[in-house]
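Shown next: start.txt, given as compact mmCIF, N, CA and C atoms.
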```txt
# COMPACT_ATOMS: atom_id res chain seq x y z
N MET A 1 -47.39 63.51 -121.97
CA MET A 1 -47.47 63.97 -123.32
C MET A 1 -46.18 64.74 -123.71
N VAL A 2 -45.69 65.54 -122.85
CA VAL A 2 -44.46 66.30 -123.09
C VAL A 2 -43.30 65.31 -123.25
N GLN A 3 -43.32 64.31 -122.40
CA GLN A 3 -42.25 63.31 -122.49
C GLN A 3 -42.34 62.55 -123.81
N ALA A 4 -43.52 62.26 -124.27
CA ALA A 4 -43.69 61.54 -125.52
C ALA A 4 -43.17 62.39 -126.68
N ARG A 5 -43.49 63.69 -126.65
CA ARG A 5 -42.99 64.57 -127.69
C ARG A 5 -41.47 64.68 -127.62
N ARG A 6 -40.96 64.77 -126.40
CA ARG A 6 -39.50 64.85 -126.20
C ARG A 6 -38.84 63.59 -126.74
N ILE A 7 -39.42 62.42 -126.50
CA ILE A 7 -38.89 61.15 -126.99
C ILE A 7 -38.92 61.13 -128.51
N GLU A 8 -39.99 61.61 -129.11
CA GLU A 8 -40.10 61.66 -130.56
C GLU A 8 -39.03 62.57 -131.15
N GLU A 9 -38.78 63.71 -130.53
CA GLU A 9 -37.74 64.63 -131.01
C GLU A 9 -36.37 63.97 -130.91
N LEU A 10 -36.13 63.32 -129.79
CA LEU A 10 -34.84 62.65 -129.61
C LEU A 10 -34.67 61.52 -130.64
N GLU A 11 -35.73 60.76 -130.88
CA GLU A 11 -35.68 59.69 -131.86
C GLU A 11 -35.44 60.26 -133.26
N ALA A 12 -36.03 61.40 -133.56
CA ALA A 12 -35.85 62.04 -134.87
C ALA A 12 -34.39 62.51 -135.01
N ARG A 13 -33.86 63.14 -133.94
CA ARG A 13 -32.46 63.58 -133.97
C ARG A 13 -31.52 62.39 -134.09
N LEU A 14 -31.86 61.34 -133.35
CA LEU A 14 -31.03 60.13 -133.41
C LEU A 14 -31.06 59.53 -134.82
N ALA A 15 -32.24 59.50 -135.43
CA ALA A 15 -32.35 58.97 -136.79
C ALA A 15 -31.54 59.84 -137.76
N SER A 16 -31.56 61.16 -137.55
CA SER A 16 -30.79 62.07 -138.39
C SER A 16 -29.29 61.82 -138.22
N VAL A 17 -28.84 61.65 -136.98
CA VAL A 17 -27.42 61.38 -136.69
C VAL A 17 -27.01 60.04 -137.30
N VAL A 18 -27.86 59.03 -137.17
CA VAL A 18 -27.57 57.71 -137.74
C VAL A 18 -27.48 57.81 -139.26
N ALA A 19 -28.41 58.54 -139.88
CA ALA A 19 -28.39 58.69 -141.33
C ALA A 19 -27.11 59.40 -141.79
N LYS A 20 -26.71 60.46 -141.05
CA LYS A 20 -25.48 61.17 -141.39
C LYS A 20 -24.28 60.26 -141.21
N ALA A 21 -24.26 59.47 -140.13
CA ALA A 21 -23.14 58.55 -139.89
C ALA A 21 -23.06 57.51 -141.01
N LYS A 22 -24.22 57.01 -141.46
CA LYS A 22 -24.23 56.04 -142.56
C LYS A 22 -23.71 56.69 -143.84
N SER A 23 -24.13 57.92 -144.09
CA SER A 23 -23.68 58.64 -145.28
C SER A 23 -22.17 58.86 -145.23
N ASP A 24 -21.68 59.29 -144.06
CA ASP A 24 -20.24 59.50 -143.90
C ASP A 24 -19.47 58.20 -144.07
N ALA A 25 -20.01 57.10 -143.55
CA ALA A 25 -19.36 55.79 -143.67
C ALA A 25 -19.31 55.35 -145.14
N GLU A 26 -20.41 55.57 -145.86
CA GLU A 26 -20.43 55.20 -147.28
C GLU A 26 -19.43 56.03 -148.08
N LYS A 27 -19.33 57.33 -147.75
CA LYS A 27 -18.37 58.20 -148.43
C LYS A 27 -16.94 57.76 -148.12
N ALA A 28 -16.66 57.45 -146.88
CA ALA A 28 -15.33 56.99 -146.48
C ALA A 28 -14.99 55.67 -147.19
N LYS A 29 -15.96 54.78 -147.30
CA LYS A 29 -15.74 53.50 -147.99
C LYS A 29 -15.44 53.75 -149.47
N ALA A 30 -16.18 54.64 -150.10
CA ALA A 30 -15.94 54.96 -151.51
C ALA A 30 -14.54 55.54 -151.71
N ASP A 31 -14.14 56.44 -150.79
CA ASP A 31 -12.80 57.02 -150.87
C ASP A 31 -11.73 55.93 -150.69
N ALA A 32 -11.94 55.05 -149.74
CA ALA A 32 -10.99 53.97 -149.49
C ALA A 32 -10.91 53.04 -150.70
N ASP A 33 -12.07 52.72 -151.30
CA ASP A 33 -12.08 51.87 -152.49
C ASP A 33 -11.32 52.53 -153.64
N ALA A 34 -11.47 53.84 -153.79
CA ALA A 34 -10.76 54.56 -154.85
C ALA A 34 -9.25 54.49 -154.61
N LEU A 35 -8.82 54.67 -153.36
CA LEU A 35 -7.40 54.58 -153.04
C LEU A 35 -6.87 53.17 -153.30
N VAL A 36 -7.64 52.17 -152.93
CA VAL A 36 -7.22 50.79 -153.16
C VAL A 36 -7.06 50.55 -154.66
N ASP A 37 -7.99 51.06 -155.45
CA ASP A 37 -7.89 50.90 -156.91
C ASP A 37 -6.61 51.54 -157.45
N VAL A 38 -6.29 52.73 -156.95
CA VAL A 38 -5.07 53.41 -157.38
C VAL A 38 -3.85 52.59 -156.99
N TYR A 39 -3.82 52.09 -155.77
CA TYR A 39 -2.67 51.30 -155.32
C TYR A 39 -2.54 50.01 -156.13
N TRP A 40 -3.65 49.37 -156.46
CA TRP A 40 -3.60 48.15 -157.27
C TRP A 40 -3.06 48.46 -158.67
N ALA A 41 -3.46 49.58 -159.21
CA ALA A 41 -2.95 49.97 -160.53
C ALA A 41 -1.43 50.20 -160.45
N ASP A 42 -0.98 50.83 -159.37
CA ASP A 42 0.46 51.04 -159.18
C ASP A 42 1.20 49.71 -159.04
N VAL A 43 0.62 48.77 -158.32
CA VAL A 43 1.23 47.45 -158.14
C VAL A 43 1.34 46.74 -159.48
N GLU A 44 0.28 46.79 -160.27
CA GLU A 44 0.30 46.14 -161.59
C GLU A 44 1.35 46.77 -162.49
N ALA A 45 1.44 48.10 -162.47
CA ALA A 45 2.45 48.79 -163.29
C ALA A 45 3.86 48.41 -162.84
N ALA A 46 4.08 48.31 -161.54
CA ALA A 46 5.39 47.92 -161.03
C ALA A 46 5.73 46.48 -161.42
N GLN A 47 4.75 45.60 -161.41
CA GLN A 47 4.98 44.22 -161.82
C GLN A 47 5.36 44.15 -163.30
N ILE A 48 4.69 44.94 -164.12
CA ILE A 48 5.01 44.97 -165.55
C ILE A 48 6.43 45.48 -165.76
N GLN A 49 6.80 46.54 -165.05
CA GLN A 49 8.15 47.08 -165.17
C GLN A 49 9.18 46.06 -164.71
N ALA A 50 8.90 45.34 -163.65
CA ALA A 50 9.83 44.33 -163.15
C ALA A 50 10.00 43.21 -164.18
N ARG A 51 8.90 42.78 -164.79
CA ARG A 51 8.99 41.74 -165.83
C ARG A 51 9.82 42.22 -167.02
N GLU A 52 9.56 43.45 -167.45
CA GLU A 52 10.30 44.00 -168.58
C GLU A 52 11.79 44.14 -168.26
N ALA A 53 12.10 44.56 -167.05
CA ALA A 53 13.50 44.68 -166.63
C ALA A 53 14.17 43.32 -166.62
N ALA A 54 13.47 42.31 -166.13
CA ALA A 54 14.03 40.95 -166.11
C ALA A 54 14.28 40.45 -167.52
N GLU A 55 13.33 40.71 -168.43
CA GLU A 55 13.50 40.28 -169.82
C GLU A 55 14.69 41.00 -170.46
N THR A 56 14.82 42.29 -170.18
CA THR A 56 15.94 43.06 -170.71
C THR A 56 17.26 42.52 -170.17
N ALA A 57 17.29 42.22 -168.89
CA ALA A 57 18.51 41.67 -168.29
C ALA A 57 18.85 40.32 -168.89
N ASP A 58 17.85 39.48 -169.11
CA ASP A 58 18.09 38.17 -169.73
C ASP A 58 18.63 38.33 -171.15
N THR A 59 18.05 39.26 -171.90
CA THR A 59 18.50 39.49 -173.27
C THR A 59 19.94 39.99 -173.27
N ARG A 60 20.22 40.93 -172.39
CA ARG A 60 21.58 41.46 -172.30
C ARG A 60 22.57 40.38 -171.91
N ALA A 61 22.22 39.55 -170.94
CA ALA A 61 23.10 38.46 -170.52
C ALA A 61 23.37 37.51 -171.69
N HIS A 62 22.34 37.24 -172.48
CA HIS A 62 22.51 36.36 -173.65
C HIS A 62 23.53 36.95 -174.61
N TRP A 63 23.40 38.25 -174.93
CA TRP A 63 24.31 38.86 -175.91
C TRP A 63 25.71 39.04 -175.35
N VAL A 64 25.84 39.25 -174.06
CA VAL A 64 27.17 39.32 -173.46
C VAL A 64 27.85 37.96 -173.57
N ALA A 65 27.11 36.88 -173.33
CA ALA A 65 27.66 35.53 -173.47
C ALA A 65 28.04 35.26 -174.93
N GLU A 66 27.20 35.68 -175.87
CA GLU A 66 27.51 35.50 -177.28
C GLU A 66 28.77 36.27 -177.66
N LEU A 67 28.92 37.49 -177.13
CA LEU A 67 30.12 38.28 -177.40
C LEU A 67 31.35 37.56 -176.88
N ALA A 68 31.27 37.01 -175.69
CA ALA A 68 32.41 36.28 -175.12
C ALA A 68 32.78 35.09 -176.00
N LYS A 69 31.78 34.37 -176.51
CA LYS A 69 32.05 33.24 -177.40
C LYS A 69 32.74 33.71 -178.68
N CYS A 70 32.23 34.80 -179.26
CA CYS A 70 32.81 35.32 -180.49
C CYS A 70 34.26 35.76 -180.28
N ARG A 71 34.53 36.43 -179.18
CA ARG A 71 35.90 36.86 -178.89
C ARG A 71 36.81 35.67 -178.73
N SER A 72 36.34 34.69 -178.00
CA SER A 72 37.14 33.49 -177.78
C SER A 72 37.45 32.79 -179.09
N LEU A 73 36.45 32.67 -179.96
CA LEU A 73 36.64 32.04 -181.27
C LEU A 73 37.67 32.82 -182.08
N ARG A 74 37.52 34.14 -182.12
CA ARG A 74 38.47 34.97 -182.88
C ARG A 74 39.88 34.82 -182.34
N GLU A 75 40.04 34.89 -181.03
CA GLU A 75 41.37 34.78 -180.44
C GLU A 75 42.00 33.42 -180.73
N THR A 76 41.20 32.37 -180.67
CA THR A 76 41.71 31.03 -180.97
C THR A 76 42.15 30.94 -182.42
N LEU A 77 41.33 31.47 -183.33
CA LEU A 77 41.70 31.46 -184.75
C LEU A 77 42.96 32.28 -185.00
N GLU A 78 43.09 33.40 -184.33
CA GLU A 78 44.29 34.22 -184.50
C GLU A 78 45.53 33.50 -183.98
N GLU A 79 45.38 32.78 -182.88
CA GLU A 79 46.52 32.01 -182.35
C GLU A 79 46.93 30.92 -183.33
N ILE A 80 45.96 30.23 -183.91
CA ILE A 80 46.26 29.19 -184.89
C ILE A 80 46.88 29.81 -186.13
N HIS A 81 46.35 30.95 -186.56
CA HIS A 81 46.87 31.66 -187.72
C HIS A 81 48.32 32.08 -187.47
N ALA A 82 48.61 32.52 -186.26
CA ALA A 82 49.97 32.95 -185.92
C ALA A 82 50.96 31.79 -186.00
N ARG A 83 50.49 30.58 -185.92
CA ARG A 83 51.36 29.40 -186.02
C ARG A 83 51.57 28.95 -187.46
N GLY A 84 51.05 29.70 -188.40
CA GLY A 84 51.35 29.42 -189.80
C GLY A 84 50.19 28.88 -190.61
N PHE A 85 49.03 28.76 -190.06
CA PHE A 85 47.89 28.26 -190.83
C PHE A 85 47.14 29.45 -191.42
N ASP A 86 46.66 29.28 -192.65
CA ASP A 86 45.93 30.36 -193.32
C ASP A 86 44.47 30.31 -192.89
N LEU A 87 44.14 31.16 -191.96
CA LEU A 87 42.76 31.24 -191.46
C LEU A 87 42.22 32.65 -191.62
N ALA A 88 42.70 33.36 -192.61
CA ALA A 88 42.32 34.77 -192.79
C ALA A 88 40.81 34.92 -192.93
N GLU A 89 40.18 34.08 -193.74
CA GLU A 89 38.73 34.19 -193.93
C GLU A 89 37.98 33.87 -192.65
N GLU A 90 38.43 32.84 -191.94
CA GLU A 90 37.77 32.47 -190.69
C GLU A 90 37.91 33.58 -189.64
N ILE A 91 39.10 34.18 -189.60
CA ILE A 91 39.32 35.29 -188.65
C ILE A 91 38.45 36.49 -189.03
N LYS A 92 38.38 36.76 -190.33
CA LYS A 92 37.54 37.88 -190.78
C LYS A 92 36.09 37.65 -190.36
N ARG A 93 35.58 36.44 -190.58
CA ARG A 93 34.20 36.13 -190.21
C ARG A 93 34.02 36.20 -188.69
N ALA A 94 34.99 35.71 -187.94
CA ALA A 94 34.91 35.76 -186.48
C ALA A 94 34.88 37.21 -186.00
N LYS A 95 35.67 38.07 -186.64
CA LYS A 95 35.66 39.49 -186.27
C LYS A 95 34.31 40.12 -186.58
N GLU A 96 33.71 39.73 -187.71
CA GLU A 96 32.39 40.26 -188.05
C GLU A 96 31.35 39.83 -187.03
N LEU A 97 31.40 38.55 -186.64
CA LEU A 97 30.46 38.05 -185.63
C LEU A 97 30.66 38.78 -184.30
N GLU A 98 31.93 38.97 -183.94
CA GLU A 98 32.24 39.66 -182.70
C GLU A 98 31.74 41.11 -182.75
N ALA A 99 31.94 41.78 -183.88
CA ALA A 99 31.48 43.16 -184.02
C ALA A 99 29.96 43.22 -183.93
N ASP A 100 29.28 42.26 -184.55
CA ASP A 100 27.81 42.22 -184.46
C ASP A 100 27.35 42.04 -183.02
N ALA A 101 27.98 41.10 -182.32
CA ALA A 101 27.61 40.86 -180.92
C ALA A 101 27.92 42.07 -180.06
N GLU A 102 29.06 42.70 -180.30
CA GLU A 102 29.43 43.90 -179.54
C GLU A 102 28.43 45.02 -179.78
N ALA A 103 28.00 45.15 -181.04
CA ALA A 103 27.02 46.19 -181.36
C ALA A 103 25.71 45.93 -180.61
N LEU A 104 25.30 44.68 -180.53
CA LEU A 104 24.07 44.36 -179.81
C LEU A 104 24.22 44.65 -178.32
N VAL A 105 25.37 44.31 -177.75
CA VAL A 105 25.61 44.60 -176.34
C VAL A 105 25.67 46.11 -176.13
N SER A 106 26.35 46.81 -177.04
CA SER A 106 26.46 48.27 -176.93
C SER A 106 25.10 48.93 -177.06
N ASN A 107 24.25 48.41 -177.96
CA ASN A 107 22.90 48.97 -178.11
C ASN A 107 22.12 48.80 -176.83
N ASP A 108 22.25 47.66 -176.16
CA ASP A 108 21.57 47.45 -174.89
C ASP A 108 22.06 48.45 -173.85
N GLU A 109 23.38 48.69 -173.81
CA GLU A 109 23.93 49.65 -172.87
C GLU A 109 23.41 51.05 -173.18
N ASP A 110 23.37 51.40 -174.48
CA ASP A 110 22.87 52.71 -174.87
C ASP A 110 21.42 52.87 -174.46
N ASP A 111 20.62 51.82 -174.64
CA ASP A 111 19.21 51.88 -174.25
C ASP A 111 19.09 52.05 -172.75
N ASP A 112 19.95 51.36 -171.98
CA ASP A 112 19.89 51.44 -170.53
C ASP A 112 20.30 52.82 -170.04
N ASN A 113 21.32 53.42 -170.66
CA ASN A 113 21.85 54.69 -170.18
C ASN A 113 21.11 55.89 -170.73
N ASP A 114 20.48 55.75 -171.87
CA ASP A 114 19.80 56.85 -172.54
C ASP A 114 20.72 58.05 -172.70
N ASP A 115 22.03 57.79 -172.93
CA ASP A 115 23.02 58.84 -173.14
C ASP A 115 23.40 58.94 -174.61
N ASP A 116 22.53 58.55 -175.50
CA ASP A 116 22.87 58.45 -176.91
C ASP A 116 23.19 59.83 -177.46
N ASP A 117 24.48 60.05 -177.78
CA ASP A 117 24.88 61.33 -178.34
C ASP A 117 25.06 61.23 -179.84
N GLY A 118 24.65 60.10 -180.43
CA GLY A 118 24.72 59.95 -181.86
C GLY A 118 26.04 59.40 -182.35
N SER A 119 27.04 59.30 -181.48
CA SER A 119 28.32 58.78 -181.93
C SER A 119 28.30 57.26 -181.90
N MET A 120 29.15 56.67 -182.74
CA MET A 120 29.21 55.21 -182.80
C MET A 120 30.52 54.76 -182.20
N SER A 121 30.48 53.59 -181.55
CA SER A 121 31.69 53.05 -180.98
C SER A 121 32.53 52.43 -182.09
N GLY A 122 33.75 52.05 -181.76
CA GLY A 122 34.62 51.39 -182.73
C GLY A 122 34.02 50.11 -183.24
N PHE A 123 33.31 49.42 -182.41
CA PHE A 123 32.70 48.17 -182.83
C PHE A 123 31.57 48.43 -183.82
N GLU A 124 30.76 49.45 -183.56
CA GLU A 124 29.64 49.75 -184.43
C GLU A 124 30.12 50.26 -185.79
N LYS A 125 31.30 50.87 -185.82
CA LYS A 125 31.86 51.35 -187.07
C LYS A 125 32.51 50.20 -187.84
N GLY A 126 32.64 49.05 -187.21
CA GLY A 126 33.26 47.91 -187.87
C GLY A 126 34.73 47.79 -187.55
N GLY A 127 35.22 48.63 -186.64
CA GLY A 127 36.63 48.60 -186.30
C GLY A 127 36.98 47.52 -185.32
N GLY A 128 36.02 46.92 -184.66
CA GLY A 128 36.30 45.85 -183.72
C GLY A 128 36.88 46.33 -182.42
N GLY A 129 37.21 47.61 -182.30
CA GLY A 129 37.70 48.12 -181.04
C GLY A 129 39.18 47.91 -180.82
N GLU A 130 39.81 47.09 -181.64
CA GLU A 130 41.23 46.84 -181.53
C GLU A 130 41.87 47.08 -182.88
N PRO A 131 43.18 47.42 -182.90
CA PRO A 131 43.82 47.56 -184.20
C PRO A 131 43.87 46.21 -184.89
N ASP A 132 43.73 46.23 -186.22
CA ASP A 132 43.79 44.98 -186.97
C ASP A 132 45.18 44.38 -186.87
N ARG A 133 45.20 43.08 -186.69
CA ARG A 133 46.48 42.38 -186.67
C ARG A 133 46.77 41.92 -188.09
N GLU A 134 48.02 41.62 -188.35
CA GLU A 134 48.38 41.17 -189.69
C GLU A 134 47.67 39.89 -190.02
N GLU A 135 47.17 39.78 -191.24
CA GLU A 135 46.37 38.65 -191.66
C GLU A 135 47.22 37.49 -192.19
N THR A 136 48.52 37.68 -192.36
CA THR A 136 49.36 36.60 -192.87
C THR A 136 50.22 36.07 -191.75
N ALA A 137 50.54 34.81 -191.85
CA ALA A 137 51.35 34.16 -190.81
C ALA A 137 52.80 34.58 -190.98
N PRO A 138 53.56 34.57 -189.87
CA PRO A 138 54.97 34.91 -189.95
C PRO A 138 55.69 33.90 -190.86
N GLY A 139 56.55 34.38 -191.71
CA GLY A 139 57.33 33.50 -192.57
C GLY A 139 56.56 33.08 -193.81
N ASP A 140 55.31 33.46 -193.94
CA ASP A 140 54.48 33.11 -195.09
C ASP A 140 54.46 31.62 -195.38
N ASP A 141 54.69 30.79 -194.37
CA ASP A 141 54.58 29.33 -194.53
C ASP A 141 53.14 28.95 -194.30
N GLN A 142 52.39 28.79 -195.36
CA GLN A 142 50.97 28.50 -195.26
C GLN A 142 50.77 27.00 -195.31
N GLU A 143 50.23 26.45 -194.23
CA GLU A 143 49.94 25.02 -194.18
C GLU A 143 48.42 24.86 -194.15
N ALA A 144 47.94 23.78 -194.75
CA ALA A 144 46.50 23.56 -194.81
C ALA A 144 46.01 22.87 -193.62
```
Is it possible to express this structure as structure tokens?
Amino acid sequence: MVQARRIEELEARLASVVAKAKSDAEKAKADADALVDVYWADVEAAQIQAREAAETADTRAHWVAELAKCRSLRETLEEIHARGFDLAEEIKRAKELEADAEALVSNDEDDDNDDDDGSMSGFEKGGGGEPDREETAPGDDQEA
């Protein structure tokens, strides 16, 4: 009879220990699930940032290429103009396109650096960044 009571006490203690172990395991699982949720949220946020950075880089690359095209066009027109052809209007338009493209590239750089002190570059002011060259051909021999 004493042994039976002793066995019952041990079984009760064992059941209590098992119940506590199950409770601790459930709490640990809940904590782990919460951590996993936080890490997944961080991963999703990082993926969004990576996508946005890639889109920004693609946009910047596009405008840098457009700026290079505009500069090349302007330089070619100026070379032709220097040979005596009247291309003043075409050069003016090419400079405007170049200034627009430069402003877009500069805006991207300003956004990337977050150093905006409120000042405008020569391109944004419409100066093109270079001194204006003479708009008339040498010798004033205008050929069509």
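Rounded to one decimal, CA of Glu98 in chain A and CA of Leu67 in chain A lie 5.9 Å from each other.
Minimum distance to Asp100 in chain A across A:Asp86, A:Glu55, A:Glu66, A:Glu79 (counting only C-alpha atoms) occurs at A:Glu66.
The smallest atom-to-atom distance between Thr59 in chain A and any of A:Ala99, A:Ile7, A:Ala45, A:Val105, using only C-alpha atoms, is found for A:Val105.
Of the listed residues A:Arg60, A:Arg13, A:Lys22, A:His81, the one whose atoms come nearest to Leu104 in chain A is A:Arg60, with distances taken using only N, CA and C atoms.
Near range 88-92 of chain A, within 7 Å and counting all atoms listed in the file, sit Arg74, Leu77, Glu78, His81, Phe85, Lys95, Glu96, Leu97, Glu135 and Thr136 of chain A, not including residues fewer than 3 positions from it in the same chain.
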Completion exercise
Separating atom N of Arg6 in chain A from CA of Ala25 in chain A, to the nearest tenth of an Å, is a gap of 29.1 Å
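Separating CA of Glu26 in chain A from CA of Leu10 in chain A is a distance of 24.0 Å.
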